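Q: Just so it is clear, I am handing over start_6.csv, which has CSV, C-alpha atoms.
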chain,number,residue,atom,x,y,z
A,2,MET,CA,23.8,-10.8,-10.6
A,3,HIS,CA,26.8,-10.3,-8.4
A,4,PRO,CA,26.6,-12.6,-5.3
A,5,LEU,CA,27.0,-9.6,-3.0
A,6,VAL,CA,23.5,-8.4,-4.0
A,7,GLU,CA,21.9,-11.3,-2.1
A,8,ARG,CA,24.5,-11.4,0.6
A,9,LEU,CA,23.8,-7.7,1.5
A,10,ARG,CA,20.1,-7.5,0.8
A,11,GLY,CA,18.1,-6.9,4.0
A,12,THR,CA,21.3,-6.0,6.0
A,13,LEU,CA,22.7,-2.9,7.7
A,14,LEU,CA,26.0,-1.4,6.6
A,15,PRO,CA,27.1,1.4,9.0
A,16,ALA,CA,28.9,4.3,7.3
A,17,VAL,CA,31.6,4.3,10.0
A,18,VAL,CA,33.4,7.2,11.6
A,19,THR,CA,37.2,7.7,11.6
A,20,PRO,CA,38.4,8.4,15.2
A,21,MET,CA,40.7,11.5,15.2
A,22,ASP,CA,42.2,14.0,17.5
A,23,SER,CA,41.4,17.7,17.3
A,24,ASP,CA,44.2,18.2,14.7
A,25,GLY,CA,42.9,15.5,12.4
A,26,VAL,CA,45.4,12.9,13.3
A,27,VAL,CA,43.8,9.5,12.9
A,28,ALA,CA,43.8,7.5,16.2
A,29,TYR,CA,44.6,4.0,14.9
A,30,ASP,CA,44.5,2.2,18.2
A,31,ALA,CA,41.0,3.7,18.8
A,32,LEU,CA,40.0,2.8,15.2
A,33,SER,CA,41.1,-0.9,15.7
A,34,ALA,CA,39.0,-1.1,18.9
A,35,TYR,CA,36.1,0.6,17.3
A,36,ALA,CA,36.1,-1.8,14.3
A,37,VAL,CA,36.1,-4.8,16.5
A,38,SER,CA,33.4,-3.5,18.8
A,39,LEU,CA,31.1,-2.3,16.0
A,40,THR,CA,31.3,-5.6,14.0
A,41,LYS,CA,30.2,-7.6,17.0
A,42,HIS,CA,26.7,-6.3,16.2
A,43,ALA,CA,24.6,-7.9,13.4
A,44,VAL,CA,25.9,-5.9,10.5
A,45,GLY,CA,26.0,-7.0,6.9
A,46,GLY,CA,29.1,-5.0,6.1
A,47,VAL,CA,30.6,-1.6,6.7
A,48,ALA,CA,31.2,1.5,4.5
A,49,VAL,CA,34.6,3.2,4.9
A,50,TRP,CA,35.9,6.4,3.3
A,51,ALA,CA,32.2,7.6,3.3
A,52,HIS,CA,31.1,11.0,4.2
A,53,THR,CA,30.7,10.0,7.9
A,54,GLY,CA,34.3,8.8,7.9
A,55,ARG,CA,35.6,11.9,6.2
A,56,GLY,CA,37.0,9.7,3.4
A,57,LEU,CA,37.6,12.6,0.9
A,58,TYR,CA,39.5,14.6,3.5
A,59,LEU,CA,42.0,11.8,4.5
A,60,SER,CA,45.4,11.6,2.9
A,61,PRO,CA,46.1,8.7,0.6
A,62,GLY,CA,48.2,7.1,3.3
A,63,ASP,CA,45.5,7.5,5.9
A,64,ARG,CA,42.9,6.1,3.6
A,65,ALA,CA,45.0,3.0,2.9
A,66,LYS,CA,45.7,2.5,6.6
A,67,VAL,CA,42.0,3.0,7.6
A,68,LEU,CA,41.0,0.4,5.1
A,69,GLU,CA,43.8,-2.0,6.2
A,70,THR,CA,42.6,-1.6,9.8
A,71,TRP,CA,39.1,-2.5,8.9
A,72,ARG,CA,40.2,-5.4,6.7
A,73,SER,CA,42.2,-6.8,9.5
A,74,ALA,CA,39.4,-6.4,12.0
A,75,THR,CA,36.5,-8.1,10.2
A,76,ASP,CA,35.6,-10.4,7.4
A,77,VAL,CA,32.3,-8.7,6.6
A,78,PRO,CA,32.1,-7.0,3.2
A,79,ILE,CA,33.7,-3.5,3.0
A,80,VAL,CA,32.4,-0.9,0.7
A,81,ALA,CA,34.8,2.0,0.2
A,82,GLY,CA,33.5,5.5,-0.9
A,83,VAL,CA,35.4,6.8,-3.9
A,84,GLY,CA,35.4,10.3,-5.4
A,85,VAL,CA,37.5,13.4,-5.7
A,86,PRO,CA,39.7,14.0,-2.6
A,87,LYS,CA,39.5,17.5,-1.1
A,88,SER,CA,43.3,17.8,-1.7
A,89,SER,CA,42.9,17.1,-5.4
A,90,ALA,CA,43.8,19.8,-7.9
A,91,ALA,CA,41.1,18.4,-10.3
A,92,GLU,CA,39.5,21.3,-12.2
A,93,THR,CA,37.8,19.6,-15.1
A,94,LEU,CA,35.3,16.7,-15.3
A,95,GLU,CA,37.9,14.5,-16.9
A,96,GLN,CA,40.3,15.2,-14.0
A,97,ALA,CA,37.6,14.6,-11.5
A,98,ALA,CA,36.8,11.3,-13.1
A,99,ASP,CA,40.5,10.3,-13.1
A,100,ALA,CA,40.7,11.1,-9.4
A,101,THR,CA,37.7,9.0,-8.7
A,102,VAL,CA,39.1,6.1,-10.6
A,103,GLU,CA,42.4,6.4,-8.9
A,104,MET,CA,40.7,6.2,-5.5
A,105,ALA,CA,38.8,3.1,-6.7
A,106,ARG,CA,42.0,1.4,-7.7
A,107,ALA,CA,43.4,2.1,-4.3
A,108,ALA,CA,40.3,0.6,-2.7
A,109,ALA,CA,40.7,-2.6,-4.7
A,110,ALA,CA,44.4,-2.8,-3.8
A,111,GLY,CA,43.5,-2.4,-0.1
A,112,GLY,CA,41.0,-5.3,-0.1
A,113,ALA,CA,37.7,-3.5,-0.4
A,114,ASP,CA,34.8,-5.7,-1.7
A,115,ALA,CA,33.0,-2.9,-3.5
A,116,VAL,CA,33.1,0.9,-4.0
A,117,MET,CA,30.4,3.5,-3.6
A,118,VAL,CA,30.9,6.3,-6.2
A,119,TYR,CA,30.4,9.8,-4.9
A,120,PRO,CA,28.4,11.9,-7.3
A,121,LEU,CA,30.3,14.5,-9.3
A,122,ALA,CA,28.2,17.6,-8.7
A,123,ALA,CA,29.3,19.2,-12.0
A,124,LEU,CA,27.6,16.4,-13.9
A,125,GLY,CA,24.3,17.8,-12.7
A,126,GLU,CA,24.9,21.0,-14.6
A,127,SER,CA,26.3,19.3,-17.7
A,128,PRO,CA,24.0,18.9,-20.8
A,129,ASP,CA,25.5,15.4,-21.2
A,130,GLY,CA,25.6,14.7,-17.5
A,131,HIS,CA,23.4,11.6,-17.6
A,132,ALA,CA,25.6,9.8,-20.2
A,133,GLN,CA,28.8,11.0,-18.5
A,134,ALA,CA,27.6,9.7,-15.1
A,135,VAL,CA,26.9,6.2,-16.6
A,136,ALA,CA,30.3,6.3,-18.3
A,137,LEU,CA,32.0,7.2,-15.1
A,138,HIS,CA,30.5,4.2,-13.3
A,139,GLU,CA,31.4,1.9,-16.1
A,140,ARG,CA,35.0,3.1,-16.0
A,141,VAL,CA,35.3,2.8,-12.2
A,142,ALA,CA,34.0,-0.8,-12.5
A,143,ALA,CA,36.3,-1.7,-15.4
A,144,GLU,CA,39.5,-0.2,-13.9
A,145,SER,CA,39.0,-1.2,-10.3
A,146,GLY,CA,37.5,-4.7,-11.0
A,147,LEU,CA,35.1,-4.1,-8.1
A,148,PRO,CA,31.2,-4.0,-8.0
A,149,LEU,CA,29.6,-0.7,-7.4
A,150,VAL,CA,27.1,1.1,-5.3
A,151,GLY,CA,25.6,4.3,-6.8
A,152,PHE,CA,25.2,7.3,-4.5
A,153,TYR,CA,22.4,9.7,-5.0
A,154,LEU,CA,23.4,12.4,-2.6
A,155,HIS,CA,21.5,15.7,-2.7
A,156,GLY,CA,21.6,18.5,-0.1
A,157,GLU,CA,24.0,20.4,2.0
A,158,ALA,CA,26.6,17.7,1.8
A,159,GLY,CA,26.8,18.1,-2.0
A,160,GLY,CA,25.8,16.0,-5.0
A,161,TYR,CA,22.8,16.6,-7.2
A,162,PRO,CA,19.4,15.0,-8.0
A,163,TYR,CA,19.6,11.7,-9.8
A,164,SER,CA,16.6,11.4,-12.2
A,165,PRO,CA,14.7,8.1,-12.1
A,166,SER,CA,16.0,7.4,-15.7
A,167,LEU,CA,19.6,7.8,-14.5
A,168,ILE,CA,19.0,5.4,-11.6
A,169,ARG,CA,17.5,2.9,-13.9
A,170,ASP,CA,20.5,3.1,-16.3
A,171,LEU,CA,22.9,2.8,-13.4
A,172,LEU,CA,21.1,-0.2,-12.1
A,173,SER,CA,21.2,-1.8,-15.5
A,174,LEU,CA,25.0,-2.0,-15.3
A,175,ASP,CA,26.3,-5.5,-14.6
A,176,ALA,CA,28.7,-4.3,-12.0
A,177,MET,CA,26.1,-2.3,-10.0
A,178,LEU,CA,24.9,-3.8,-6.7
A,179,GLY,CA,22.4,-1.0,-6.0
A,180,VAL,CA,21.9,2.7,-5.5
A,181,LYS,CA,22.0,4.4,-2.2
A,182,THR,CA,19.7,7.4,-1.7
A,183,ALA,CA,20.7,10.2,0.7
A,184,THR,CA,18.4,13.1,0.0
A,185,LEU,CA,18.3,14.3,3.6
A,186,ASP,CA,14.7,15.6,3.7
A,187,ARG,CA,13.5,15.4,0.1
A,188,ALA,CA,10.8,12.8,0.4
A,189,ILE,CA,9.7,12.9,-3.2
A,190,GLY,CA,13.2,12.5,-4.5
A,191,CYS,CA,13.7,9.6,-2.2
A,192,GLN,CA,10.5,7.9,-3.2
A,193,ASP,CA,11.2,8.4,-6.9
A,194,ALA,CA,14.7,7.0,-6.6
A,195,ILE,CA,13.5,3.9,-4.8
A,196,TRP,CA,10.6,3.3,-7.1
A,197,ALA,CA,12.8,3.6,-10.1
A,198,GLY,CA,14.7,0.5,-9.0
A,199,ARG,CA,11.8,-1.7,-8.0
A,200,ASP,CA,12.1,-4.1,-11.0
A,201,SER,CA,15.8,-4.1,-11.3
A,202,GLY,CA,16.6,-7.0,-8.8
A,203,LYS,CA,19.4,-4.8,-7.4
A,204,LEU,CA,19.7,-3.5,-3.9
A,205,LEU,CA,17.4,-0.5,-3.0
A,206,ILE,CA,19.6,1.1,-0.4
A,207,THR,CA,18.5,3.8,2.0
A,208,GLY,CA,20.9,6.3,3.3
A,209,GLU,CA,18.1,8.4,4.8
A,210,ASP,CA,18.9,9.0,8.4
A,211,ARG,CA,15.9,11.3,8.9
A,212,MET,CA,13.5,9.3,6.7
A,213,TYR,CA,14.8,5.9,7.7
A,214,GLY,CA,11.6,4.0,8.6
A,215,PRO,CA,9.6,5.6,5.8
A,216,SER,CA,12.2,4.7,3.2
A,217,PHE,CA,11.6,1.0,4.0
A,218,MET,CA,7.9,1.6,3.6
A,219,TRP,CA,8.6,3.1,0.2
A,220,GLY,CA,10.6,0.0,-0.9
A,221,ALA,CA,14.2,0.2,0.4
A,222,ASP,CA,15.5,-3.2,1.4
A,223,THR,CA,19.0,-2.5,2.6
A,224,ALA,CA,20.6,0.3,4.7
A,225,LEU,CA,23.9,2.1,4.4
A,226,VAL,CA,23.7,5.0,6.9
A,227,GLY,CA,25.9,7.2,9.0
A,228,ILE,CA,23.4,7.0,11.9
A,229,ALA,CA,24.6,3.4,12.5
A,230,SER,CA,28.2,4.5,13.1
A,231,ALA,CA,27.1,4.5,16.7
A,232,GLN,CA,24.0,2.9,18.3
A,233,VAL,CA,23.9,0.1,15.7
A,234,GLU,CA,21.1,-1.7,17.5
A,235,LEU,CA,18.7,1.3,17.1
A,236,SER,CA,19.2,1.2,13.3
A,237,SER,CA,19.1,-2.6,12.9
A,238,ALA,CA,16.0,-3.0,15.0
A,239,VAL,CA,14.0,-0.9,12.5
A,240,LEU,CA,15.2,-2.9,9.5
A,241,LEU,CA,14.8,-6.3,11.2
A,242,ALA,CA,11.2,-5.5,12.3
A,243,TRP,CA,10.2,-4.3,8.8
A,244,THR,CA,11.8,-7.3,7.2
A,245,ALA,CA,10.0,-9.6,9.6
A,246,GLY,CA,6.7,-7.9,9.0
A,247,ASP,CA,6.3,-7.1,12.6
A,248,HIS,CA,4.7,-3.7,12.2
A,249,ALA,CA,4.1,-3.0,15.9
A,250,ALA,CA,7.8,-3.5,16.6
A,251,PHE,CA,8.7,-1.5,13.5
A,252,LEU,CA,6.7,1.5,14.8
A,253,THR,CA,8.3,1.3,18.2
A,254,ALA,CA,11.8,0.9,16.8
A,255,SER,CA,11.2,3.7,14.3
A,256,ASP,CA,10.1,6.1,17.0
A,257,ARG,CA,13.3,5.4,19.0
A,258,LEU,CA,15.5,5.8,15.9
A,259,ASP,CA,13.8,9.0,14.9
A,260,ARG,CA,14.4,10.5,18.3
A,261,PHE,CA,18.1,9.8,18.0
A,262,ALA,CA,18.1,11.1,14.4
A,263,ALA,CA,16.5,14.4,15.6
A,264,ALA,CA,19.3,14.8,18.1
A,265,THR,CA,22.1,14.2,15.6
A,266,PHE,CA,20.9,15.2,12.0
A,267,TYR,CA,19.8,18.8,11.8
A,268,ALA,CA,21.3,22.1,10.6
A,269,PRO,CA,24.2,22.5,10.1
A,270,ILE,CA,23.9,19.0,8.6
A,271,GLU,CA,27.7,18.7,8.4
A,272,GLY,CA,27.7,18.8,12.2
A,273,TYR,CA,26.2,15.3,12.2
A,274,VAL,CA,29.7,13.7,12.0
A,275,GLN,CA,30.7,15.3,15.3
A,276,ARG,CA,27.4,14.5,16.9
A,277,MET,CA,27.8,10.8,15.9
A,278,LEU,CA,31.3,10.9,17.4
A,279,TRP,CA,29.9,12.2,20.6
A,280,ALA,CA,27.4,9.3,20.5
A,281,ALA,CA,30.1,6.8,19.9
A,282,GLU,CA,32.1,8.2,22.8
A,283,TRP,CA,29.0,7.9,25.1
A,284,GLU,CA,28.6,4.3,24.0
A,285,GLY,CA,32.3,3.6,24.8
A,286,LEU,CA,33.1,2.9,21.1
A,287,VAL,CA,35.8,5.6,20.9
A,288,PRO,CA,37.7,7.5,23.6
A,289,ALA,CA,37.0,11.2,24.1
A,290,ALA,CA,40.5,12.1,22.8
A,291,ALA,CA,39.6,10.5,19.5
A,292,ALA,CA,36.0,11.8,19.2
A,293,HIS,CA,36.8,14.9,17.1
A,294,ASP,CA,35.7,16.0,13.6
A,295,PRO,CA,38.1,18.8,12.6
A,296,TYR,CA,36.5,19.1,9.2
A,297,GLY,CA,33.0,20.0,10.2
A,298,PRO,CA,31.5,23.2,11.6
A,299,GLY,CA,32.3,24.2,15.1
A,300,LEU,CA,29.5,23.2,17.4
A,301,PRO,CA,28.6,24.6,20.8
A,302,LEU,CA,29.0,22.2,23.7
A,303,GLY,CA,25.2,22.4,24.3
A,304,GLU,CA,24.7,20.2,21.2
A,305,ARG,CA,26.8,17.5,22.9
A,306,GLU,CA,24.5,17.7,25.9
A,307,LEU,CA,21.5,17.2,23.6
A,308,VAL,CA,23.0,14.0,22.1
A,309,VAL,CA,23.9,12.6,25.5
A,310,ARG,CA,20.5,13.5,27.0
A,311,CYS,CA,18.8,11.8,24.1
A,312,LEU,CA,20.8,8.6,24.6
A,313,GLU,CA,20.2,8.6,28.3
A,314,GLN,CA,16.5,8.8,27.8
A,315,LEU,CA,16.5,6.1,25.2
A,316,HIS,CA,18.6,3.7,27.3
A,317,GLY,CA,17.4,4.8,30.8
A,318,PRO,CA,15.2,2.8,33.1
Go through the file and emit its structure as structure tokens.
A:
Amino acid sequence: MHPLVERLRGTLLPAVVTPMDSDGVVAYDALSAYAVSLTKHAVGGVAVWAHTGRGLYLSPGDRAKVLETWRSATDVPIVAGVGVPKSSAAETLEQAADATVEMARAAAAGGADAVMVYPLAALGESPDGHAQAVALHERVAAESGLPLVGFYLHGEAGGYPYSPSLIRDLLSLDAMLGVKTATLDRAIGCQDAIWAGRDSGKLLITGEDRMYGPSFMWGADTALVGIASAQVELSSAVLLAWTAGDHAAFLTASDRLDRFAAATFYAPIEGYVQRMLWAAEWEGLVPAAAAHDPYGPGLPLGERELVVRCLEQLHGP
């Protein structure tokens, strides 16, 4: 078993935002300050290049510099999301796999401790998709030299349903640390995925921002979530209370987290990145000039007011 399994079990890994201006230029001074501030909280690690950080939209140079900035700011484990960049010309499954492996190599070269493999949606439609998915993860591990986190993503953000048998086969790989579930609002899929890994000894990782508390009740033991890119303490309080067996505190913390999730994770789901940036701005983690998501849907200013009002209520007298 890889030593990162026990180091990360029971911890929170925020899927961090990437501060940018309205044109998509990364604000590196703001990123450095954000990285230092965020990791003052009790986090087990961070996830860069993930969906929340718009990793697949960044240029190779920006991805490298984002990782370098985080590596310089903290000594906690860094998990880098790897997949097919939006700028890639990959048209076939083989080309998509090559692009994923190339990104994983770059993560290793930049000092990442592990990689989280974005699902290739085309594999969900392939008759041999199960075997190809396992082979992809084996190849990423072999060619990057890094341990892996599987990524069951299903919903508006992409991906496809991972069957329980696929999850079990992924978790059987020596290089696999665990599988993250991010099914958005698909409770049955989330339950089946967590239950499939119960006897594996690997990490059962929740990525469920809107089913966060319930996912621990179903068996998740670690969290890698975008909702923790701001308001880390709201997310960590739920996990810590559950781990400690303090069910009264768990219910209270879950209620607070759920209120914040309801104000940030709703249709259009892609808008959650901008809403989390607004929350990070309110918290003082990033300046207003760097709190932009140019890759998401345009959102009315009224949505920002909802986020701010929620935070004021949660943290008011």
Q: Given only C-alpha atoms as the basis, pick out the residue of A:Val37, A:Ala31, A:Ala245, A:Leu94 nearest to Gly125 of chain A.
A: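 Using only C-alpha atoms, the shortest distance to Gly125 of chain A belongs to A:Leu94.
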Q: For the atom pair atom CA of Gly159 of chain A and atom CA of Gly208 of chain A, what is the interatomic distance in Å to one decimal place?
A: 14.2 Å
Q: Give one line per residue of segment 48-123 of chain A that approaches segment 178-200 of chain A to at most 12 Å, naming the two atoms of the closest pair and their distance in Å to one decimal, counting all atoms listed in the file; sort by chain then ascending residue number and deliver it as JSON lines.
A:
{"residue": "A:Ala48", "atom": "CA", "partner": "A:Lys181", "partner_atom": "CA", "distance": 11.7}
{"residue": "A:His52", "atom": "CA", "partner": "A:Ala183", "partner_atom": "CA", "distance": 11.0}
{"residue": "A:Val80", "atom": "CA", "partner": "A:Leu178", "partner_atom": "CA", "distance": 10.9}
{"residue": "A:Gly82", "atom": "CA", "partner": "A:Lys181", "partner_atom": "CA", "distance": 11.6}
{"residue": "A:Asp114", "atom": "CA", "partner": "A:Leu178", "partner_atom": "CA", "distance": 11.3}
{"residue": "A:Ala115", "atom": "CA", "partner": "A:Leu178", "partner_atom": "CA", "distance": 8.8}
{"residue": "A:Val116", "atom": "CA", "partner": "A:Leu178", "partner_atom": "CA", "distance": 9.8}
{"residue": "A:Met117", "atom": "CA", "partner": "A:Lys181", "partner_atom": "CA", "distance": 8.6}
{"residue": "A:Val118", "atom": "CA", "partner": "A:Val180", "partner_atom": "CA", "distance": 9.7}
{"residue": "A:Tyr119", "atom": "CA", "partner": "A:Lys181", "partner_atom": "CA", "distance": 10.3}
{"residue": "A:Pro120", "atom": "CA", "partner": "A:Lys181", "partner_atom": "CA", "distance": 11.1}
Q: I'd like the neighbourhood of Ala108 of chain A as a PyMOL selection string, where a residue qualifies if any of its atoms comes within 12 Å (using only C-alpha atoms), though same-chain residues fewer than 4 positions away should be ignored.
A: chain A and resi 48-50+56+61-62+64-69+72+79-84+101-104+112-118+141-142+144-149
Q: So that I can see what lies close to segment 263-271 of chain A, please list as a list of chain:residue names the residues with an atom at most 6 Å from it, counting only C-alpha atoms and leaving out residues fewer than 2 positions away in the same chain.
A: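 Close residues of segment 263-271 of chain A: A:Arg260, A:Phe261, A:Tyr273, A:Arg276, A:Gly297, A:Val308.
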Q: With all atoms listed in the file as the counted atoms, please give the residues lying no more than 6 Å from Arg10 of chain A, apart from itself and same-chain residues fewer than 3 positions off, as number ranges by chain.
A: A: 6-7, 223
Q: Would you mind reading off the distance between atom CA of Leu302 of chain A and atom CA of Val26 of chain A, one decimal, in Å?
A: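 The value is 21.5 Å.
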Q: From the list A:Asp24, A:Asp256, A:Glu284, A:Asp63, which residue is nearest Ser38 of chain A when using only C-alpha atoms?
A: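 Result for the nearest residue to Ser38 of chain A: A:Glu284.
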Q: Have a look at A:Pro15, A:Gly130, A:Pro20, A:Pro295 and name the one nearest to Tyr58 of chain A; count all atoms listed in the file.
A: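 Closest residue, counting all atoms listed in the file: A:Pro295.
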Q: So which one's closest to Gln96 of chain A, A:Glu313, A:Ala123, A:Leu39, A:Leu59? Using all atoms listed in the file, please.
A: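 So, comparing all the options, the nearest one is A:Ala123.
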Q: Considering only C-alpha atoms, return as JSON, numbers by chain whatever protein or nucleic-acid residues lie within 7 Å of Lys87 of chain A, sequence-local ones (same chain, fewer than 2 positions apart) excluded.
A: {"A": [57, 58, 85, 89]}
Q: List as a PyMOL selection string the protein and nucleic acid residues near Leu312 of chain A, meaning an atom at most 10 Å away when only C-alpha atoms are counted, but skip any in the same chain fewer than 2 places from it.
A: chain A and resi 232+257+260-261+264+280+283-284+306-310+314-317
Q: Measuring atom to atom with all atoms listed in the file, identify which of A:Ala91, A:Ala74, A:Leu171, A:Cys311 is nearest to Ala136 of chain A.
A: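 So, comparing all the options, the nearest one is A:Leu171.
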Q: Please indicate the distance in Å from atom CA of Ala90 of chain A to atom CA of Leu121 of chain A, rounded to one decimal place.
A: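 Between these atoms lies a distance of 14.6 Å.
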Q: Counting only C-alpha atoms, which of A:Leu241, A:Leu300, A:Trp71, A:Ala51 gets nearest to Tyr29 of chain A?
A: A:Trp71
Q: Any chance you could turn segment 177-192 of chain A into a file with N, CA and C atoms, as a PDB file, in the first residue's frame?
A:
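Below you can see result.pdb, which holds the result:
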ATOM      1  N   MET A 177      -2.881   2.762  -7.307  1.00  0.00           N
ATOM      2  CA  MET A 177      -4.088   3.525  -7.024  1.00  0.00           C
ATOM      3  C   MET A 177      -4.197   3.850  -5.530  1.00  0.00           C
ATOM      4  N   LEU A 178      -4.339   5.140  -5.226  1.00  0.00           N
ATOM      5  CA  LEU A 178      -4.555   5.573  -3.846  1.00  0.00           C
ATOM      6  C   LEU A 178      -6.017   5.436  -3.457  1.00  0.00           C
ATOM      7  N   GLY A 179      -6.919   5.750  -4.393  1.00  0.00           N
ATOM      8  CA  GLY A 179      -8.344   5.705  -4.132  1.00  0.00           C
ATOM      9  C   GLY A 179      -9.097   6.257  -5.318  1.00  0.00           C
ATOM     10  N   VAL A 180     -10.409   6.250  -5.242  1.00  0.00           N
ATOM     11  CA  VAL A 180     -11.255   6.789  -6.306  1.00  0.00           C
ATOM     12  C   VAL A 180     -12.134   7.879  -5.716  1.00  0.00           C
ATOM     13  N   LYS A 181     -12.163   9.010  -6.412  1.00  0.00           N
ATOM     14  CA  LYS A 181     -13.028  10.122  -6.018  1.00  0.00           C
ATOM     15  C   LYS A 181     -14.334  10.025  -6.783  1.00  0.00           C
ATOM     16  N   THR A 182     -15.449  10.166  -6.064  1.00  0.00           N
ATOM     17  CA  THR A 182     -16.758  10.201  -6.717  1.00  0.00           C
ATOM     18  C   THR A 182     -17.264  11.632  -6.775  1.00  0.00           C
ATOM     19  N   ALA A 183     -17.718  12.038  -7.946  1.00  0.00           N
ATOM     20  CA  ALA A 183     -18.308  13.367  -8.137  1.00  0.00           C
ATOM     21  C   ALA A 183     -19.508  13.198  -9.057  1.00  0.00           C
ATOM     22  N   THR A 184     -20.599  12.724  -8.478  1.00  0.00           N
ATOM     23  CA  THR A 184     -21.785  12.418  -9.275  1.00  0.00           C
ATOM     24  C   THR A 184     -22.836  13.526  -9.213  1.00  0.00           C
ATOM     25  N   LEU A 185     -22.506  14.609  -8.500  1.00  0.00           N
ATOM     26  CA  LEU A 185     -23.331  15.817  -8.398  1.00  0.00           C
ATOM     27  C   LEU A 185     -24.615  15.612  -7.594  1.00  0.00           C
ATOM     28  N   ASP A 186     -25.583  14.864  -8.143  1.00  0.00           N
ATOM     29  CA  ASP A 186     -26.826  14.648  -7.415  1.00  0.00           C
ATOM     30  C   ASP A 186     -27.332  13.225  -7.600  1.00  0.00           C
ATOM     31  N   ARG A 187     -26.449  12.330  -7.988  1.00  0.00           N
ATOM     32  CA  ARG A 187     -26.843  10.948  -8.259  1.00  0.00           C
ATOM     33  C   ARG A 187     -26.503  10.079  -7.055  1.00  0.00           C
ATOM     34  N   ALA A 188     -27.416  10.049  -6.100  1.00  0.00           N
ATOM     35  CA  ALA A 188     -27.143   9.390  -4.827  1.00  0.00           C
ATOM     36  C   ALA A 188     -26.838   7.906  -4.996  1.00  0.00           C
ATOM     37  N   ILE A 189     -27.585   7.230  -5.868  1.00  0.00           N
ATOM     38  CA  ILE A 189     -27.370   5.788  -6.040  1.00  0.00           C
ATOM     39  C   ILE A 189     -25.989   5.519  -6.612  1.00  0.00           C
ATOM     40  N   GLY A 190     -25.597   6.303  -7.620  1.00  0.00           N
ATOM     41  CA  GLY A 190     -24.268   6.134  -8.205  1.00  0.00           C
ATOM     42  C   GLY A 190     -23.174   6.374  -7.188  1.00  0.00           C
ATOM     43  N   CYS A 191     -23.363   7.390  -6.355  1.00  0.00           N
ATOM     44  CA  CYS A 191     -22.380   7.684  -5.317  1.00  0.00           C
ATOM     45  C   CYS A 191     -22.293   6.541  -4.308  1.00  0.00           C
ATOM     46  N   GLN A 192     -23.432   6.067  -3.843  1.00  0.00           N
ATOM     47  CA  GLN A 192     -23.445   4.955  -2.886  1.00  0.00           C
ATOM     48  C   GLN A 192     -22.771   3.727  -3.473  1.00  0.00           C
TER      49      GLN A 192
END
